[in-house]
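Pasted below: input_35.pdb, PDB, C-alpha atoms.
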ATOM      1  CA  MET A   1       0.000   0.000   0.000
ATOM      2  CA  PRO A   2       1.432   3.434  -0.882
ATOM      3  CA  SER A   3       2.595   5.499   2.067
ATOM      4  CA  ARG A   4       0.593   8.617   2.876
ATOM      5  CA  PHE A   5       2.144  12.022   3.419
ATOM      6  CA  THR A   6       0.758  15.532   3.616
ATOM      7  CA  THR A   7       2.550  18.209   1.629
ATOM      8  CA  ILE A   8       2.945  21.725   2.985
ATOM      9  CA  THR A   9       3.790  24.062   0.130
ATOM     10  CA  ALA A  10       6.744  26.405   0.446
ATOM     11  CA  ALA A  11       4.346  29.357   0.489
ATOM     12  CA  ALA A  12       2.382  27.871   3.357
ATOM     13  CA  ALA A  13       5.569  26.983   5.206
ATOM     14  CA  LEU A  14       6.639  30.611   5.061
ATOM     15  CA  GLY A  15       3.319  31.727   6.502
ATOM     16  CA  ALA A  16       1.722  32.965   3.273
ATOM     17  CA  VAL A  17      -1.230  30.576   3.383
ATOM     18  CA  ILE A  18      -2.753  30.372   6.841
ATOM     19  CA  ILE A  19      -6.441  29.538   7.248
ATOM     20  CA  GLY A  20      -7.997  29.933  10.673
ATOM     21  CA  GLY A  21      -4.602  29.736  12.328
ATOM     22  CA  TYR A  22      -3.731  26.447  10.617
ATOM     23  CA  LEU A  23      -1.545  25.659   7.642
ATOM     24  CA  ALA A  24      -3.323  24.970   4.384
ATOM     25  CA  VAL A  25      -2.122  21.529   3.252
ATOM     26  CA  GLN A  26      -2.617  19.169   0.362
ATOM     27  CA  ALA A  27      -2.646  15.386   0.730
ATOM     28  CA  VAL A  28      -0.458  13.469  -1.683
ATOM     29  CA  THR A  29       0.623   9.875  -2.151
ATOM     30  CA  ALA A  30       4.370   9.305  -2.246
ATOM     31  CA  PRO A  31       5.405   7.063  -5.165
ATOM     32  CA  THR A  32       6.493   3.579  -4.171
ATOM     33  CA  GLY A  33       7.665   0.352  -5.779
ATOM     34  CA  ALA A  34       8.578   0.827  -9.438
ATOM     35  CA  GLU A  35       7.671   4.530  -9.258
ATOM     36  CA  ALA A  36      10.193   5.008  -6.454
ATOM     37  CA  GLY A  37      13.169   3.671  -8.381
ATOM     38  CA  THR A  38      14.877   0.737  -6.708
ATOM     39  CA  ARG A  39      13.638   1.256  -3.140
ATOM     40  CA  PRO A  40      10.839  -0.942  -1.713
ATOM     41  CA  ALA A  41       7.581   0.620  -0.552
ATOM     42  CA  ALA A  42       8.359   0.027   3.118
ATOM     43  CA  GLU A  43      11.169   2.570   2.982
ATOM     44  CA  MET A  44       8.961   5.371   1.661
ATOM     45  CA  THR A  45       7.338   5.949   5.044
ATOM     46  CA  PRO A  46       8.306   8.382   7.819
ATOM     47  CA  GLY A  47       9.850   5.506   9.768
ATOM     48  CA  GLY A  48      11.490   3.908   6.761
ATOM     49  CA  LEU A  49      13.243   7.109   5.722
ATOM     50  CA  VAL A  50      15.354   7.109   8.887
ATOM     51  CA  GLN A  51      16.700   3.639   8.134
ATOM     52  CA  GLY A  52      19.528   2.864   5.740
ATOM     53  CA  PRO A  53      22.881   4.479   4.994
ATOM     54  CA  SER A  54      21.601   7.935   4.014
ATOM     55  CA  ALA A  55      20.134   8.733   7.445
ATOM     56  CA  VAL A  56      22.687  10.749   9.443
ATOM     57  CA  VAL A  57      21.344  11.482  12.919
ATOM     58  CA  ALA A  58      22.647  14.928  13.829
ATOM     59  CA  GLU A  59      20.730  15.868  16.992
ATOM     60  CA  ASN A  60      18.700  14.194  19.756
ATOM     61  CA  PRO A  61      18.812  10.543  18.603
ATOM     62  CA  ASP A  62      16.066   9.546  21.059
ATOM     63  CA  GLY A  63      13.608  12.266  20.023
ATOM     64  CA  ASP A  64       9.927  11.413  19.595
ATOM     65  CA  VAL A  65       9.464  13.613  16.488
ATOM     66  CA  THR A  66      11.881  13.426  13.568
ATOM     67  CA  VAL A  67      12.783  16.292  11.242
ATOM     68  CA  ILE A  68      14.534  15.004   8.108
ATOM     69  CA  GLU A  69      16.355  17.575   5.982
ATOM     70  CA  TYR A  70      17.514  16.995   2.392
ATOM     71  CA  PHE A  71      20.180  19.641   1.867
ATOM     72  CA  ASP A  72      23.217  20.930  -0.023
ATOM     73  CA  TYR A  73      26.066  22.936   1.520
ATOM     74  CA  GLN A  74      25.903  25.556  -1.250
ATOM     75  CA  CYS A  75      22.148  26.026  -0.993
ATOM     76  CA  PRO A  76      21.485  29.568   0.328
ATOM     77  CA  ILE A  77      18.121  28.648   1.830
ATOM     78  CA  CYS A  78      19.680  25.647   3.598
ATOM     79  CA  ARG A  79      22.178  28.049   5.142
ATOM     80  CA  ARG A  80      19.391  30.371   6.215
ATOM     81  CA  VAL A  81      17.373  27.563   7.817
ATOM     82  CA  HIS A  82      20.367  25.998   9.589
ATOM     83  CA  PRO A  83      20.308  28.238  12.721
ATOM     84  CA  ASP A  84      16.580  27.595  13.163
ATOM     85  CA  LEU A  85      17.104  23.823  13.023
ATOM     86  CA  LYS A  86      19.848  24.086  15.636
ATOM     87  CA  ARG A  87      17.631  26.243  17.826
ATOM     88  CA  LEU A  88      14.737  23.801  17.476
ATOM     89  CA  ALA A  89      16.900  20.859  18.568
ATOM     90  CA  GLU A  90      18.379  22.819  21.483
ATOM     91  CA  GLU A  91      15.035  24.083  22.784
ATOM     92  CA  ASP A  92      13.164  20.806  22.252
ATOM     93  CA  GLU A  93      15.207  17.704  23.037
ATOM     94  CA  GLY A  94      12.317  15.614  21.754
ATOM     95  CA  VAL A  95      13.088  16.680  18.174
ATOM     96  CA  ARG A  96      15.471  14.367  16.367
ATOM     97  CA  ILE A  97      17.282  15.952  13.405
ATOM     98  CA  VAL A  98      18.260  13.606  10.567
ATOM     99  CA  HIS A  99      20.386  14.829   7.671
ATOM    100  CA  LYS A 100      20.136  13.576   4.097
ATOM    101  CA  HIS A 101      23.110  14.629   1.991
ATOM    102  CA  TRP A 102      21.723  15.544  -1.428
ATOM    103  CA  PRO A 103      24.503  17.570  -3.131
ATOM    104  CA  VAL A 104      22.844  19.006  -6.225
ATOM    105  CA  PHE A 105      25.004  22.124  -6.723
ATOM    106  CA  GLY A 106      28.022  20.432  -8.264
ATOM    107  CA  ALA A 107      31.470  19.113  -7.428
ATOM    108  CA  ALA A 108      32.213  21.426  -4.490
ATOM    109  CA  SER A 109      28.949  20.405  -2.824
ATOM    110  CA  ILE A 110      29.803  16.733  -3.276
ATOM    111  CA  TYR A 111      33.247  17.266  -1.775
ATOM    112  CA  ALA A 112      31.790  19.185   1.184
ATOM    113  CA  SER A 113      29.338  16.385   1.904
ATOM    114  CA  LYS A 114      32.105  13.801   1.623
ATOM    115  CA  LEU A 115      34.228  15.592   4.231
ATOM    116  CA  ALA A 116      31.226  15.968   6.524
ATOM    117  CA  LEU A 117      30.439  12.272   6.212
ATOM    118  CA  ALA A 118      34.086  11.409   6.884
ATOM    119  CA  ALA A 119      33.895  13.563  10.018
ATOM    120  CA  ARG A 120      31.579  10.931  11.524
ATOM    121  CA  TRP A 121      34.587   8.597  11.758
ATOM    122  CA  GLN A 122      36.410  11.215  13.830
ATOM    123  CA  ASP A 123      33.388  12.141  15.990
ATOM    124  CA  ARG A 124      33.405  15.649  14.498
ATOM    125  CA  TYR A 125      30.295  15.522  12.320
ATOM    126  CA  ARG A 126      28.239  18.218  14.045
ATOM    127  CA  GLU A 127      31.203  20.599  14.264
ATOM    128  CA  VAL A 128      32.138  20.149  10.607
ATOM    129  CA  HIS A 129      28.526  20.374   9.448
ATOM    130  CA  ASP A 130      28.065  23.636  11.336
ATOM    131  CA  ALA A 131      31.299  25.092   9.937
ATOM    132  CA  LEU A 132      30.348  24.211   6.361
ATOM    133  CA  MET A 133      26.845  25.607   6.752
ATOM    134  CA  ARG A 134      28.286  28.929   7.899
ATOM    135  CA  LEU A 135      30.456  29.343   4.788
ATOM    136  CA  PRO A 136      29.042  32.100   2.554
ATOM    137  CA  GLY A 137      29.041  32.222  -1.217
ATOM    138  CA  LYS A 138      30.269  29.707  -3.752
ATOM    139  CA  LEU A 139      32.433  26.913  -2.379
ATOM    140  CA  ASP A 140      35.612  25.331  -3.668
ATOM    141  CA  GLU A 141      37.627  22.451  -2.269
ATOM    142  CA  GLU A 142      40.197  24.652  -0.537
ATOM    143  CA  ARG A 143      37.546  26.667   1.319
ATOM    144  CA  VAL A 144      35.799  23.448   2.314
ATOM    145  CA  ARG A 145      39.025  21.896   3.612
ATOM    146  CA  GLU A 146      39.921  25.014   5.592
ATOM    147  CA  ALA A 147      36.487  25.194   7.232
ATOM    148  CA  ALA A 148      36.549  21.499   8.103
ATOM    149  CA  ARG A 149      40.096  21.782   9.447
ATOM    150  CA  SER A 150      39.075  24.742  11.623
ATOM    151  CA  ALA A 151      36.294  22.550  13.048
ATOM    152  CA  GLY A 152      38.840  19.973  14.180
ATOM    153  CA  LEU A 153      38.868  17.554  11.255
ATOM    154  CA  ASP A 154      42.089  15.757  10.357
ATOM    155  CA  ILE A 155      41.916  16.282   6.589
ATOM    156  CA  ASP A 156      44.573  13.727   5.654
ATOM    157  CA  LYS A 157      42.849  11.019   7.671
ATOM    158  CA  ALA A 158      39.441  12.027   6.312
ATOM    159  CA  GLU A 159      40.574  11.765   2.700
ATOM    160  CA  LYS A 160      42.237   8.419   3.363
ATOM    161  CA  ASP A 161      39.027   7.155   4.966
ATOM    162  CA  LEU A 162      37.029   8.398   1.989
ATOM    163  CA  ASP A 163      39.255   6.456  -0.401
ATOM    164  CA  GLN A 164      38.906   3.284   1.649
ATOM    165  CA  ARG A 165      35.154   3.633   2.246
ATOM    166  CA  ALA A 166      34.071   5.134  -1.063
ATOM    167  CA  ASP A 167      31.255   2.617  -1.522
ATOM    168  CA  GLU A 168      29.691   3.625   1.805
ATOM    169  CA  VAL A 169      29.686   7.286   0.829
ATOM    170  CA  GLU A 170      28.207   6.598  -2.602
ATOM    171  CA  ALA A 171      25.446   4.581  -0.925
ATOM    172  CA  VAL A 172      24.572   7.656   1.159
ATOM    173  CA  PHE A 173      24.273   9.860  -1.932
ATOM    174  CA  ASP A 174      22.435   7.277  -4.023
ATOM    175  CA  GLU A 175      19.798   6.498  -1.411
ATOM    176  CA  ALA A 176      19.165  10.158  -0.554
ATOM    177  CA  ALA A 177      18.720  11.051  -4.237
ATOM    178  CA  ILE A 178      16.343   8.144  -4.866
ATOM    179  CA  GLN A 179      14.242   9.129  -1.862
ATOM    180  CA  ALA A 180      14.171  12.817  -2.776
ATOM    181  CA  HIS A 181      13.017  12.099  -6.320
ATOM    182  CA  SER A 182      10.467   9.559  -5.107
ATOM    183  CA  LEU A 183       9.019  12.155  -2.740
ATOM    184  CA  GLN A 184       8.838  14.555  -5.712
ATOM    185  CA  PHE A 185      11.178  17.080  -4.140
ATOM    186  CA  GLN A 186      12.455  19.574  -6.704
ATOM    187  CA  GLY A 187      15.510  20.819  -4.821
ATOM    188  CA  THR A 188      17.021  21.773  -1.503
ATOM    189  CA  PRO A 189      16.118  22.265   1.212
ATOM    190  CA  SER A 190      13.266  19.799   1.526
ATOM    191  CA  PHE A 191      11.943  18.356   4.759
ATOM    192  CA  VAL A 192       9.996  15.417   6.091
ATOM    193  CA  ILE A 193       8.510  16.112   9.527
ATOM    194  CA  GLY A 194       6.490  13.165  10.729
ATOM    195  CA  ASN A 195       4.039  12.563   7.889
ATOM    196  CA  TYR A 196       4.419  16.079   6.477
ATOM    197  CA  LEU A 197       6.467  16.888   3.389
ATOM    198  CA  VAL A 198       7.827  20.436   3.199
ATOM    199  CA  PRO A 199       9.457  21.139  -0.183
ATOM    200  CA  GLY A 200      11.367  24.397   0.231
ATOM    201  CA  GLY A 201      12.241  26.771   3.038
ATOM    202  CA  ILE A 202      10.508  26.733   6.404
ATOM    203  CA  ASP A 203      10.699  29.307   9.182
ATOM    204  CA  TYR A 204      11.141  28.614  12.884
ATOM    205  CA  ALA A 205       7.536  29.272  13.882
ATOM    206  CA  THR A 206       6.288  26.845  11.253
ATOM    207  CA  MET A 207       8.784  24.198  12.358
ATOM    208  CA  ARG A 208       7.404  24.430  15.878
ATOM    209  CA  ARG A 209       3.814  24.354  14.633
ATOM    210  CA  VAL A 210       4.348  21.253  12.503
ATOM    211  CA  VAL A 211       6.244  19.439  15.282
ATOM    212  CA  LYS A 212       3.376  20.183  17.677
ATOM    213  CA  ASP A 213       0.857  18.896  15.148
ATOM    214  CA  VAL A 214       2.817  15.657  14.687
ATOM    215  CA  ARG A 215       2.941  15.151  18.457
ATOM    216  CA  ASP A 216      -0.775  15.855  18.805
ATOM    217  CA  GLN A 217      -1.557  13.296  16.095
ATOM    218  CA  LYS A 218       0.614  10.667  17.788
ATOM    219  CA  ARG A 219      -1.033  11.353  21.151
ATOM    220  CA  GLU A 220      -4.521  11.073  19.670
ATOM    221  CA  ALA A 221      -3.594   7.808  17.950
ATOM    222  CA  GLU A 222      -2.268   6.368  21.217
ATOM    223  CA  GLU A 223      -5.397   7.415  23.112
ATOM    224  CA  THR A 224      -7.679   5.661  20.619
ATOM    225  CA  GLN A 225      -5.812   2.354  20.821
TER
END
Please go through the file and, once you have read it, give me the structure as structure tokens.
Amino acid sequence: MPSRFTTITAAAALGAVIIGGYLAVQAVTAPTGAEAGTRPAAEMTPGGLVQGPSAVVAENPDGDVTVIEYFDYQCPICRRVHPDLKRLAEEDEGVRIVHKHWPVFGAASIYASKLALAARWQDRYREVHDALMRLPGKLDEERVREAARSAGLDIDKAEKDLDQRADEVEAVFDEAAIQAHSLQFQGTPSFVIGNYLVPGGIDYATMRRVVKDVRDQKREAEETQ
């Protein structure tokens, strides 16, 4: 059976379409099976998306509500949203942040994501991710290396690890891209929050509102069992 999501348009996410204090939403069915490329239907669910190699848990691994972000380090809107995501995770420890590396802006974006993924093997992922997100303008490999180095990454070790574990990194990129296309995302950033799809930017107030709605739905479902 196809998984069910609700899409919040970018306009609604930015507060442009509010009806009676609630977001205007449109129900959609996420493609599965053959329509979803090579991934089985079970993975195209809110729970399934946090399984597999592409799911990088960045904050609050035991949170009861998951915010999944498909992003690129050169995406200006991703950079703008980054402080709000950090604030959300800091103020609400029940919000788990999961990153999906979807580098769509070219070679420098791919290299930045590779170094960030390698930082996991040095326990520096969050520091490197934050440093890369704070870089302004167009990236190149030297700027990426310098930012990662300033965040405590051993670049020589990271690049050696990337050579030795290249298949693991490619699996991260491949799975994230398949999922993003299956969910009909057109670019970065794009979010999955519970059963809501948010293609495009989202402000802090809307993040909080959607997280609350997801929690309320879960509570109501538990009470009716």
Sorted per-residue table, segment 108-173 of chain A near segment 45-63 of chain A, closest atoms and distance, 7 Å, all atoms listed in the file, as CSV:
residue,atom,partner,partner_atom,distance
A:Arg126,CA,A:Ala58,CA,6.5
A:Ala171,CA,A:Pro53,CA,6.5
A:Val172,CA,A:Ser54,CA,4.1
A:Phe173,CA,A:Ser54,CA,6.8
Do a neighbour search on segment 210-212 of chain A at 8 Å with all atoms listed in the file, toss out local chain neighbours closer than 6 positions, and write the hits as a short mmCIF file (atom, residue, chain, number, x, y, z; two decimals) with C-alpha atoms, keeping the file's coordinate frame.
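Once everything was written out, this is part.cif:
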data_model
loop_
_atom_site.label_atom_id
_atom_site.label_comp_id
_atom_site.auth_asym_id
_atom_site.auth_seq_id
_atom_site.Cartn_x
_atom_site.Cartn_y
_atom_site.Cartn_z
CA VAL A 65 9.46 13.61 16.49
CA VAL A 95 13.09 16.68 18.17
CA ILE A 193 8.51 16.11 9.53
CA GLY A 194 6.49 13.16 10.73
CA TYR A 196 4.42 16.08 6.48
#
With a distance cut-off of 9 Å and all atoms listed in the file, select the neighbouring residues of Val104 of chain A, excluding the residue or stretch itself and same-chain residues fewer than 6 positions from it, and output the selection as number ranges by chain.
-> A: 71-72, 74-75, 110, 187-188
At most 10 Å from (28.5, 18.5, 10.9), file frame, all atoms listed in the file: which residues, as number ranges by chain?
-> A: 56, 58, 99, 113, 115-120, 123-133, 148, 151
Compare A:Lys114, A:Leu197, A:Gln217, A:Arg149 by their minimum atom-to-atom distance to Leu162 of chain A, counting only C-alpha atoms, and give me the closest one.
->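 Comparing A:Lys114, A:Leu197, A:Gln217, A:Arg149 against Leu162 of chain A, the winner is A:Lys114.
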State, in Å with one decimal place, the distance from atom CA of Pro189 of chain A to atom CA of Cys78 of chain A.
->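 Separation between atom CA of Pro189 of chain A and atom CA of Cys78 of chain A: 5.5 Å.
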Expand the PyMOL selection byres ((chain A and resi 190) around 6) into the explicit residue set it covers here, and present it as a PDB file with C-alpha atoms, keeping the file's coordinate frame.
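The result, stored in part.pdb:
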ATOM      1  CA  GLU A  69      16.355  17.575   5.982  1.00  0.00           C
ATOM      2  CA  TYR A  70      17.514  16.995   2.392  1.00  0.00           C
ATOM      3  CA  THR A 188      17.021  21.773  -1.503  1.00  0.00           C
ATOM      4  CA  PRO A 189      16.118  22.265   1.212  1.00  0.00           C
ATOM      5  CA  PHE A 191      11.943  18.356   4.759  1.00  0.00           C
ATOM      6  CA  VAL A 198       7.827  20.436   3.199  1.00  0.00           C
ATOM      7  CA  PRO A 199       9.457  21.139  -0.183  1.00  0.00           C
ATOM      8  CA  GLY A 200      11.367  24.397   0.231  1.00  0.00           C
TER       9      GLY A 200
END
Draw an axis-aligned box tight on the listed atoms of segment 211-215 of chain A, then pad every side by 3 Å and write out centre and edge lengths in Å to one decimal as lines of an AutoDock Vina configuration file.
center_x = 3.6
center_y = 17.7
center_z = 16.6
size_x = 11.4
size_y = 11.0
size_z = 9.8
Taken to one decimal, the atom CA of Val214 of chain A-atom CA of Ala89 of chain A distance is 15.5 Å
What is the distance, in Å and to one decimal place, between atom CA of Leu135 of chain A and atom CA of Leu183 of chain A?
-> 28.5 Å
Kindly reconstruct segment 91-117 of chain A with N, CA, C and O atoms and present the result as an mmCIF file, keeping the file's coordinate frame.
data_model
loop_
_atom_site.group_PDB
_atom_site.id
_atom_site.type_symbol
_atom_site.label_atom_id
_atom_site.label_comp_id
_atom_site.auth_asym_id
_atom_site.auth_seq_id
_atom_site.Cartn_x
_atom_site.Cartn_y
_atom_site.Cartn_z
ATOM 1 N N GLU A 91 16.153 23.710 21.923
ATOM 2 C CA GLU A 91 15.035 24.083 22.784
ATOM 3 C C GLU A 91 14.058 22.938 23.014
ATOM 4 O O GLU A 91 13.293 22.964 23.979
ATOM 5 N N ASP A 92 14.079 21.946 22.131
ATOM 6 C CA ASP A 92 13.164 20.806 22.252
ATOM 7 C C ASP A 92 13.969 19.533 22.041
ATOM 8 O O ASP A 92 14.220 19.120 20.912
ATOM 9 N N GLU A 93 14.383 18.908 23.135
ATOM 10 C CA GLU A 93 15.207 17.704 23.037
ATOM 11 C C GLU A 93 14.425 16.504 22.525
ATOM 12 O O GLU A 93 15.003 15.441 22.277
ATOM 13 N N GLY A 94 13.127 16.671 22.342
ATOM 14 C CA GLY A 94 12.317 15.614 21.754
ATOM 15 C C GLY A 94 12.311 15.637 20.243
ATOM 16 O O GLY A 94 11.664 14.794 19.614
ATOM 17 N N VAL A 95 13.015 16.592 19.637
ATOM 18 C CA VAL A 95 13.088 16.680 18.174
ATOM 19 C C VAL A 95 14.404 16.076 17.702
ATOM 20 O O VAL A 95 15.484 16.584 18.022
ATOM 21 N N ARG A 96 14.298 15.009 16.967
ATOM 22 C CA ARG A 96 15.471 14.367 16.367
ATOM 23 C C ARG A 96 15.700 14.961 14.979
ATOM 24 O O ARG A 96 14.783 15.040 14.166
ATOM 25 N N ILE A 97 16.920 15.408 14.713
ATOM 26 C CA ILE A 97 17.282 15.952 13.405
ATOM 27 C C ILE A 97 18.063 14.891 12.633
ATOM 28 O O ILE A 97 19.073 14.374 13.125
ATOM 29 N N VAL A 98 17.591 14.574 11.436
ATOM 30 C CA VAL A 98 18.260 13.606 10.567
ATOM 31 C C VAL A 98 18.634 14.303 9.266
ATOM 32 O O VAL A 98 17.788 14.928 8.622
ATOM 33 N N HIS A 99 19.898 14.212 8.900
ATOM 34 C CA HIS A 99 20.386 14.829 7.671
ATOM 35 C C HIS A 99 20.401 13.834 6.520
ATOM 36 O O HIS A 99 20.774 12.672 6.699
ATOM 37 N N LYS A 100 20.026 14.322 5.343
ATOM 38 C CA LYS A 100 20.136 13.576 4.097
ATOM 39 C C LYS A 100 21.001 14.403 3.149
ATOM 40 O O LYS A 100 20.592 15.481 2.702
ATOM 41 N N HIS A 101 22.190 13.905 2.865
ATOM 42 C CA HIS A 101 23.110 14.629 1.991
ATOM 43 C C HIS A 101 22.673 14.442 0.537
ATOM 44 O O HIS A 101 22.774 13.351 -0.021
ATOM 45 N N TRP A 102 22.214 15.546 -0.043
ATOM 46 C CA TRP A 102 21.723 15.544 -1.428
ATOM 47 C C TRP A 102 22.432 16.675 -2.176
ATOM 48 O O TRP A 102 21.863 17.727 -2.419
ATOM 49 N N PRO A 103 23.713 16.492 -2.518
ATOM 50 C CA PRO A 103 24.503 17.570 -3.131
ATOM 51 C C PRO A 103 24.155 17.762 -4.601
ATOM 52 O O PRO A 103 24.625 17.026 -5.466
ATOM 53 N N VAL A 104 23.354 18.771 -4.870
ATOM 54 C CA VAL A 104 22.844 19.006 -6.225
ATOM 55 C C VAL A 104 23.492 20.212 -6.899
ATOM 56 O O VAL A 104 23.182 20.514 -8.054
ATOM 57 N N PHE A 105 24.405 20.905 -6.188
ATOM 58 C CA PHE A 105 25.004 22.124 -6.723
ATOM 59 C C PHE A 105 26.403 21.898 -7.285
ATOM 60 O O PHE A 105 27.164 22.844 -7.434
ATOM 61 N N GLY A 106 26.764 20.663 -7.579
ATOM 62 C CA GLY A 106 28.022 20.432 -8.264
ATOM 63 C C GLY A 106 29.124 19.828 -7.421
ATOM 64 O O GLY A 106 28.918 19.385 -6.284
ATOM 65 N N ALA A 107 30.339 19.841 -8.001
ATOM 66 C CA ALA A 107 31.470 19.113 -7.428
ATOM 67 C C ALA A 107 31.857 19.599 -6.037
ATOM 68 O O ALA A 107 32.188 18.792 -5.159
ATOM 69 N N ALA A 108 31.829 20.907 -5.807
ATOM 70 C CA ALA A 108 32.213 21.426 -4.490
ATOM 71 C C ALA A 108 31.228 20.972 -3.416
ATOM 72 O O ALA A 108 31.619 20.694 -2.274
ATOM 73 N N SER A 109 29.955 20.889 -3.773
ATOM 74 C CA SER A 109 28.949 20.405 -2.824
ATOM 75 C C SER A 109 29.187 18.938 -2.490
ATOM 76 O O SER A 109 29.062 18.523 -1.332
ATOM 77 N N ILE A 110 29.519 18.154 -3.505
ATOM 78 C CA ILE A 110 29.803 16.733 -3.276
ATOM 79 C C ILE A 110 31.004 16.580 -2.352
ATOM 80 O O ILE A 110 30.981 15.785 -1.400
ATOM 81 N N TYR A 111 32.049 17.356 -2.608
ATOM 82 C CA TYR A 111 33.247 17.266 -1.775
ATOM 83 C C TYR A 111 32.939 17.678 -0.331
ATOM 84 O O TYR A 111 33.401 17.033 0.624
ATOM 85 N N ALA A 112 32.152 18.740 -0.164
ATOM 86 C CA ALA A 112 31.790 19.185 1.184
ATOM 87 C C ALA A 112 31.034 18.090 1.930
ATOM 88 O O ALA A 112 31.310 17.809 3.107
ATOM 89 N N SER A 113 30.080 17.466 1.258
ATOM 90 C CA SER A 113 29.338 16.385 1.904
ATOM 91 C C SER A 113 30.246 15.206 2.230
ATOM 92 O O SER A 113 30.103 14.570 3.278
ATOM 93 N N LYS A 114 31.184 14.908 1.348
ATOM 94 C CA LYS A 114 32.105 13.801 1.623
ATOM 95 C C LYS A 114 32.922 14.068 2.883
ATOM 96 O O LYS A 114 33.078 13.178 3.737
ATOM 97 N N LEU A 115 33.450 15.289 3.027
ATOM 98 C CA LEU A 115 34.228 15.592 4.231
ATOM 99 C C LEU A 115 33.352 15.537 5.481
ATOM 100 O O LEU A 115 33.790 15.063 6.537
ATOM 101 N N ALA A 116 32.124 16.025 5.371
ATOM 102 C CA ALA A 116 31.226 15.968 6.524
ATOM 103 C C ALA A 116 30.938 14.523 6.913
ATOM 104 O O ALA A 116 30.944 14.168 8.102
ATOM 105 N N LEU A 117 30.701 13.679 5.917
ATOM 106 C CA LEU A 117 30.439 12.272 6.212
ATOM 107 C C LEU A 117 31.669 11.601 6.812
ATOM 108 O O LEU A 117 31.561 10.781 7.732
#
